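Accompanying notes for the structure given below.
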Amino acid sequence: MLNQDLNDMVAEENQIKQSTIDSLPRPTFVTIEDTDITNYIYAFCKNLLKFSKEKHASKEMAYAINLNTLDFVGTAFGDSRTVNLEPLLSQMGEFGCIYIVLHNHPSNNYFSPKDMNTFFEIVNISILVVIGNNGAVYVIEKTKQLSREDFFDIKKIIIKYRKAEISFEEVIDLLLPFGIVYNQF
């Protein structure tokens, strides 16, 4: 048990620092123009890092927010490398509602293949935000509804990314025609 706990620790250089929370860049969104809503989401970004730092040893965790009602859906907790979104996804079943999911990455990397897969598999996630424990903020958004054919074409791209046949930058370029927008802050 102790060995497993040691293997699941976030390295000191990847632990969240208060200065990172204080200076976290404010993301903007292509699909959200209302400043009050973006400020609301930004507060959740900062809170997620603060909670992870103080209560979850800087490990991965996720929040979901219903963008139709702005209700907080809940929290999912992970380990130093991944977070299981199932507890949140089961609460996001309302048809016609769209959601934003925020989660942190102790590795400070942008979207993993698993992140990308979840983003496209769960139709009602319209925005996915990854916050590196170092304060980098990555945002991917669906700007239009995807057709069934689009979905299968996108899955082929994600499979190539998962197999490391293409880079993240190539994935983003290939997703642009589908109305997928990526930004880094």
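Identifiers in this document derive from the order of the structure tokens: chains are assigned A, B, ..., residues are numbered from 1 separately in each chain, and ligands are numbered from 1 in order of occurrence.
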
Item to check | Selection near segment 85-102 of chain A, 8 Å with only C-alpha atoms, sequence-local residues under 2 positions removed, as a list in words | outcome: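 So the residues in contact are Cys45, Ala62, Tyr63, Ala64, Ile65, Asn66, Leu67, Asn68, Val73, Gly74, Thr75, Ala76, Val83, Asn104, Asn124, Ile125, Ser126, Ile127, Leu128, Val129, Val130 and Ile131 of chain A.
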
Go ahead and save the picked residues with N, CA, C and O atoms, as a short mmCIF file (atom, residue, chain, number, x, y, z; two decimals), in the first residue's frame.
```cif
data_model
loop_
_atom_site.label_atom_id
_atom_site.label_comp_id
_atom_site.auth_asym_id
_atom_site.auth_seq_id
_atom_site.Cartn_x
_atom_site.Cartn_y
_atom_site.Cartn_z
N CYS A 45 -11.94 27.67 -12.36
CA CYS A 45 -10.57 27.24 -12.72
C CYS A 45 -9.63 27.44 -11.54
O CYS A 45 -8.86 26.54 -11.17
N ALA A 62 -11.56 17.00 -11.46
CA ALA A 62 -12.36 17.64 -12.51
C ALA A 62 -13.63 18.23 -11.93
O ALA A 62 -14.16 17.74 -10.94
N TYR A 63 -14.07 19.30 -12.56
CA TYR A 63 -15.36 19.93 -12.27
C TYR A 63 -16.17 19.91 -13.56
O TYR A 63 -15.61 20.00 -14.65
N ALA A 64 -17.48 19.89 -13.42
CA ALA A 64 -18.37 20.08 -14.56
C ALA A 64 -19.40 21.14 -14.20
O ALA A 64 -19.86 21.22 -13.05
N ILE A 65 -19.72 21.97 -15.20
CA ILE A 65 -20.68 23.05 -15.03
C ILE A 65 -21.68 22.96 -16.18
O ILE A 65 -21.30 22.82 -17.34
N ASN A 66 -22.96 23.03 -15.84
CA ASN A 66 -24.03 23.06 -16.84
C ASN A 66 -24.05 24.47 -17.43
O ASN A 66 -24.31 25.44 -16.70
N LEU A 67 -23.76 24.61 -18.71
CA LEU A 67 -23.71 25.94 -19.32
C LEU A 67 -25.09 26.52 -19.62
O LEU A 67 -25.21 27.72 -19.86
N ASN A 68 -26.13 25.69 -19.57
CA ASN A 68 -27.48 26.21 -19.76
C ASN A 68 -27.97 26.92 -18.50
O ASN A 68 -28.61 27.96 -18.58
N VAL A 73 -22.12 20.98 -11.46
CA VAL A 73 -22.58 19.59 -11.51
C VAL A 73 -21.91 18.75 -10.44
O VAL A 73 -22.55 17.96 -9.77
N GLY A 74 -20.61 18.90 -10.28
CA GLY A 74 -19.91 18.11 -9.28
C GLY A 74 -18.43 18.02 -9.54
O GLY A 74 -17.88 18.68 -10.42
N THR A 75 -17.79 17.15 -8.74
CA THR A 75 -16.35 16.96 -8.76
C THR A 75 -16.02 15.49 -8.95
O THR A 75 -16.73 14.63 -8.44
N ALA A 76 -14.95 15.23 -9.68
CA ALA A 76 -14.41 13.87 -9.80
C ALA A 76 -12.95 13.94 -9.38
O ALA A 76 -12.25 14.90 -9.69
N VAL A 83 -7.89 11.18 -14.27
CA VAL A 83 -9.10 11.34 -13.49
C VAL A 83 -10.22 10.60 -14.21
O VAL A 83 -10.33 10.67 -15.43
N ASN A 104 -7.39 19.42 -14.09
CA ASN A 104 -5.97 19.80 -14.04
C ASN A 104 -5.09 18.63 -14.46
O ASN A 104 -5.51 17.47 -14.41
N ASN A 124 -22.63 16.18 -25.23
CA ASN A 124 -23.04 17.42 -24.58
C ASN A 124 -21.91 18.14 -23.84
O ASN A 124 -22.16 19.14 -23.18
N ILE A 125 -20.66 17.69 -23.97
CA ILE A 125 -19.53 18.50 -23.51
C ILE A 125 -19.17 19.41 -24.68
O ILE A 125 -18.71 18.95 -25.72
N SER A 126 -19.40 20.71 -24.51
CA SER A 126 -19.09 21.63 -25.59
C SER A 126 -17.74 22.31 -25.41
O SER A 126 -17.16 22.80 -26.37
N ILE A 127 -17.25 22.34 -24.16
CA ILE A 127 -15.95 22.95 -23.88
C ILE A 127 -15.21 22.06 -22.90
O ILE A 127 -15.78 21.62 -21.90
N LEU A 128 -13.94 21.82 -23.19
CA LEU A 128 -13.08 21.07 -22.28
C LEU A 128 -11.87 21.96 -21.98
O LEU A 128 -11.25 22.50 -22.90
N VAL A 129 -11.58 22.11 -20.70
CA VAL A 129 -10.47 22.94 -20.26
C VAL A 129 -9.50 22.07 -19.47
O VAL A 129 -9.91 21.34 -18.57
N VAL A 130 -8.23 22.15 -19.82
CA VAL A 130 -7.17 21.51 -19.05
C VAL A 130 -6.32 22.62 -18.47
O VAL A 130 -5.91 23.56 -19.18
N ILE A 131 -6.07 22.52 -17.17
CA ILE A 131 -5.24 23.50 -16.48
C ILE A 131 -4.00 22.77 -15.98
O ILE A 131 -4.11 21.86 -15.16
#
```

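Residues of segment 28-87 of chain A that DSSP, applied to the backbone, places in strand (DSSP E or B): Met61, Ala62, Tyr63, Ala64, Ile65, Asn66, Phe72, Val73, Gly74, Thr75, Ala76, Phe77, Gly78 and Val83 of chain A.
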
File dump, residues just selected, N, CA and C atoms, as a PDB file, in the first residue's frame:
```pdb
ATOM      1  N   MET A  61      -8.108  16.285 -10.750  1.00  0.00           N
ATOM      2  CA  MET A  61      -9.515  16.320 -10.380  1.00  0.00           C
ATOM      3  C   MET A  61     -10.253  17.103 -11.454  1.00  0.00           C
ATOM      4  N   ALA A  62     -11.557  16.996 -11.463  1.00  0.00           N
ATOM      5  CA  ALA A  62     -12.355  17.645 -12.508  1.00  0.00           C
ATOM      6  C   ALA A  62     -13.626  18.235 -11.927  1.00  0.00           C
ATOM      7  N   TYR A  63     -14.073  19.301 -12.565  1.00  0.00           N
ATOM      8  CA  TYR A  63     -15.357  19.927 -12.274  1.00  0.00           C
ATOM      9  C   TYR A  63     -16.172  19.913 -13.563  1.00  0.00           C
ATOM     10  N   ALA A  64     -17.480  19.889 -13.417  1.00  0.00           N
ATOM     11  CA  ALA A  64     -18.374  20.075 -14.557  1.00  0.00           C
ATOM     12  C   ALA A  64     -19.396  21.142 -14.201  1.00  0.00           C
ATOM     13  N   ILE A  65     -19.716  21.972 -15.201  1.00  0.00           N
ATOM     14  CA  ILE A  65     -20.683  23.050 -15.030  1.00  0.00           C
ATOM     15  C   ILE A  65     -21.685  22.955 -16.178  1.00  0.00           C
ATOM     16  N   ASN A  66     -22.959  23.032 -15.839  1.00  0.00           N
ATOM     17  CA  ASN A  66     -24.025  23.061 -16.842  1.00  0.00           C
ATOM     18  C   ASN A  66     -24.048  24.474 -17.426  1.00  0.00           C
ATOM     19  N   PHE A  72     -23.314  24.146 -10.893  1.00  0.00           N
ATOM     20  CA  PHE A  72     -22.153  23.284 -10.684  1.00  0.00           C
ATOM     21  C   PHE A  72     -22.658  21.855 -10.617  1.00  0.00           C
ATOM     22  N   VAL A  73     -22.124  20.975 -11.459  1.00  0.00           N
ATOM     23  CA  VAL A  73     -22.580  19.587 -11.514  1.00  0.00           C
ATOM     24  C   VAL A  73     -21.906  18.749 -10.441  1.00  0.00           C
ATOM     25  N   GLY A  74     -20.606  18.896 -10.282  1.00  0.00           N
ATOM     26  CA  GLY A  74     -19.908  18.115  -9.275  1.00  0.00           C
ATOM     27  C   GLY A  74     -18.426  18.018  -9.539  1.00  0.00           C
ATOM     28  N   THR A  75     -17.791  17.146  -8.743  1.00  0.00           N
ATOM     29  CA  THR A  75     -16.347  16.960  -8.762  1.00  0.00           C
ATOM     30  C   THR A  75     -16.023  15.493  -8.952  1.00  0.00           C
ATOM     31  N   ALA A  76     -14.947  15.226  -9.682  1.00  0.00           N
ATOM     32  CA  ALA A  76     -14.406  13.872  -9.801  1.00  0.00           C
ATOM     33  C   ALA A  76     -12.948  13.938  -9.376  1.00  0.00           C
ATOM     34  N   PHE A  77     -12.498  12.916  -8.661  1.00  0.00           N
ATOM     35  CA  PHE A  77     -11.133  12.884  -8.164  1.00  0.00           C
ATOM     36  C   PHE A  77     -10.330  11.806  -8.865  1.00  0.00           C
ATOM     37  N   GLY A  78      -9.073  12.111  -9.133  1.00  0.00           N
ATOM     38  CA  GLY A  78      -8.195  11.164  -9.787  1.00  0.00           C
ATOM     39  C   GLY A  78      -6.916  10.966  -9.023  1.00  0.00           C
ATOM     40  N   VAL A  83      -7.885  11.176 -14.274  1.00  0.00           N
ATOM     41  CA  VAL A  83      -9.098  11.338 -13.486  1.00  0.00           C
ATOM     42  C   VAL A  83     -10.216  10.603 -14.205  1.00  0.00           C
TER      43      VAL A  83
END
```

Next on the checklist: Using Å and a single decimal, report how far atom CA of Phe151 of chain A sits from atom CA of Asn109 of chain A.
Outcome noted: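 A separation of 24.6 Å between them.
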
With segment 168-182 of chain A as the partner and 9 Å as the cut-off, tabulate the residues of segment 21-122 of chain A that qualify, each row holding the nearest pair of atoms and their distance in Å to one decimal, using only C-alpha atoms, sorted by chain and rising number, as JSON lines.
```
{"residue": "A:Val30", "atom": "CA", "partner": "A:Val181", "partner_atom": "CA", "distance": 7.7}
{"residue": "A:Tyr110", "atom": "CA", "partner": "A:Phe168", "partner_atom": "CA", "distance": 8.4}
{"residue": "A:Phe111", "atom": "CA", "partner": "A:Phe168", "partner_atom": "CA", "distance": 8.1}
{"residue": "A:Ser112", "atom": "CA", "partner": "A:Phe168", "partner_atom": "CA", "distance": 8.7}
{"residue": "A:Pro113", "atom": "CA", "partner": "A:Phe168", "partner_atom": "CA", "distance": 9.0}
```

Residues of segment 50-140 of chain A that have any atom at most 8 Å from an atom of segment 17-26 of chain A: could you tabulate them with the shortest-distance atom pair and the distance in Å to one decimal, using only C-alpha atoms, ordered by chain and increasing number, as a tab-separated table?
```
residue	atom	partner	partner_atom	distance
A:Lys50	CA	A:Ile21	CA	6.8
A:Lys53	CA	A:Lys17	CA	7.4
A:Asn133	CA	A:Thr20	CA	7.8
A:Asn134	CA	A:Thr20	CA	6.3
A:Gly135	CA	A:Leu24	CA	5.4
A:Ala136	CA	A:Pro25	CA	7.4
A:Val137	CA	A:Pro25	CA	7.0
```

With N, CA and C atoms retained, write the just-selected residues as a compact mmCIF listing (two decimals), in the first residue's frame.
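Generated file (result06.txt):
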```txt
# COMPACT_ATOMS: atom_id res chain seq x y z
N LYS A 50 -6.90 25.40 -6.43
CA LYS A 50 -6.79 25.60 -4.98
C LYS A 50 -7.21 24.34 -4.22
N LYS A 53 -4.65 21.57 -4.72
CA LYS A 53 -3.44 21.88 -3.94
C LYS A 53 -3.66 21.58 -2.45
N ASN A 133 -0.77 22.16 -13.79
CA ASN A 133 -0.43 22.56 -12.43
C ASN A 133 0.55 23.74 -12.42
N ASN A 134 1.18 24.01 -13.57
CA ASN A 134 2.09 25.15 -13.70
C ASN A 134 1.35 26.42 -14.12
N GLY A 135 0.04 26.33 -14.37
CA GLY A 135 -0.76 27.50 -14.70
C GLY A 135 -1.09 27.66 -16.17
N ALA A 136 -0.60 26.80 -17.04
CA ALA A 136 -0.99 26.87 -18.45
C ALA A 136 -2.45 26.43 -18.56
N VAL A 137 -3.22 27.14 -19.38
CA VAL A 137 -4.63 26.82 -19.55
C VAL A 137 -4.86 26.49 -21.03
```

Next on the checklist: Please identify the helix (DSSP H, G or I) residues within segment 23-174 of chain A (assignment by DSSP from backbone atoms) and present them as a PyMOL selection string.
Outcome noted: chain A and resi 35-55+86-89+113-121+148-162+168-174

Item to check | atom CA of Lys114 of chain A to atom CA of Asn39 of chain A, distance in Å rounded to a single decimal | outcome: 27.6 Å

Checklist entry - Interatomic distance between atom CA of Ile32 of chain A and atom CA of Thr143 of chain A? => result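 Distance reported for this atom pair: 10.2 Å.
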
Next on the checklist: With distances taken over only C-alpha atoms, which residue among A:Phe44, A:Phe29, A:Pro106, A:Lys163 lies nearest Lys142 of chain A?
Outcome noted: A:Phe29

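Residue nearest Lys46 of chain A, chosen from A:Ile159, A:Ile16, A:Ala164, A:Ile122 and counting only C-alpha atoms: A:Ile16.
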
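Each of A:Ile166, A:Ile158, A:Ile37, A:Ala11 was checked against Ser80 of chain A using only C-alpha atoms; the smallest atom-to-atom distance is that of A:Ala11.
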
Item to check | Counting only C-alpha atoms, the option among A:Asn108, A:Thr38, A:Asn7, A:Ser167 closest to Asp79 of chain A | outcome: A:Asn7
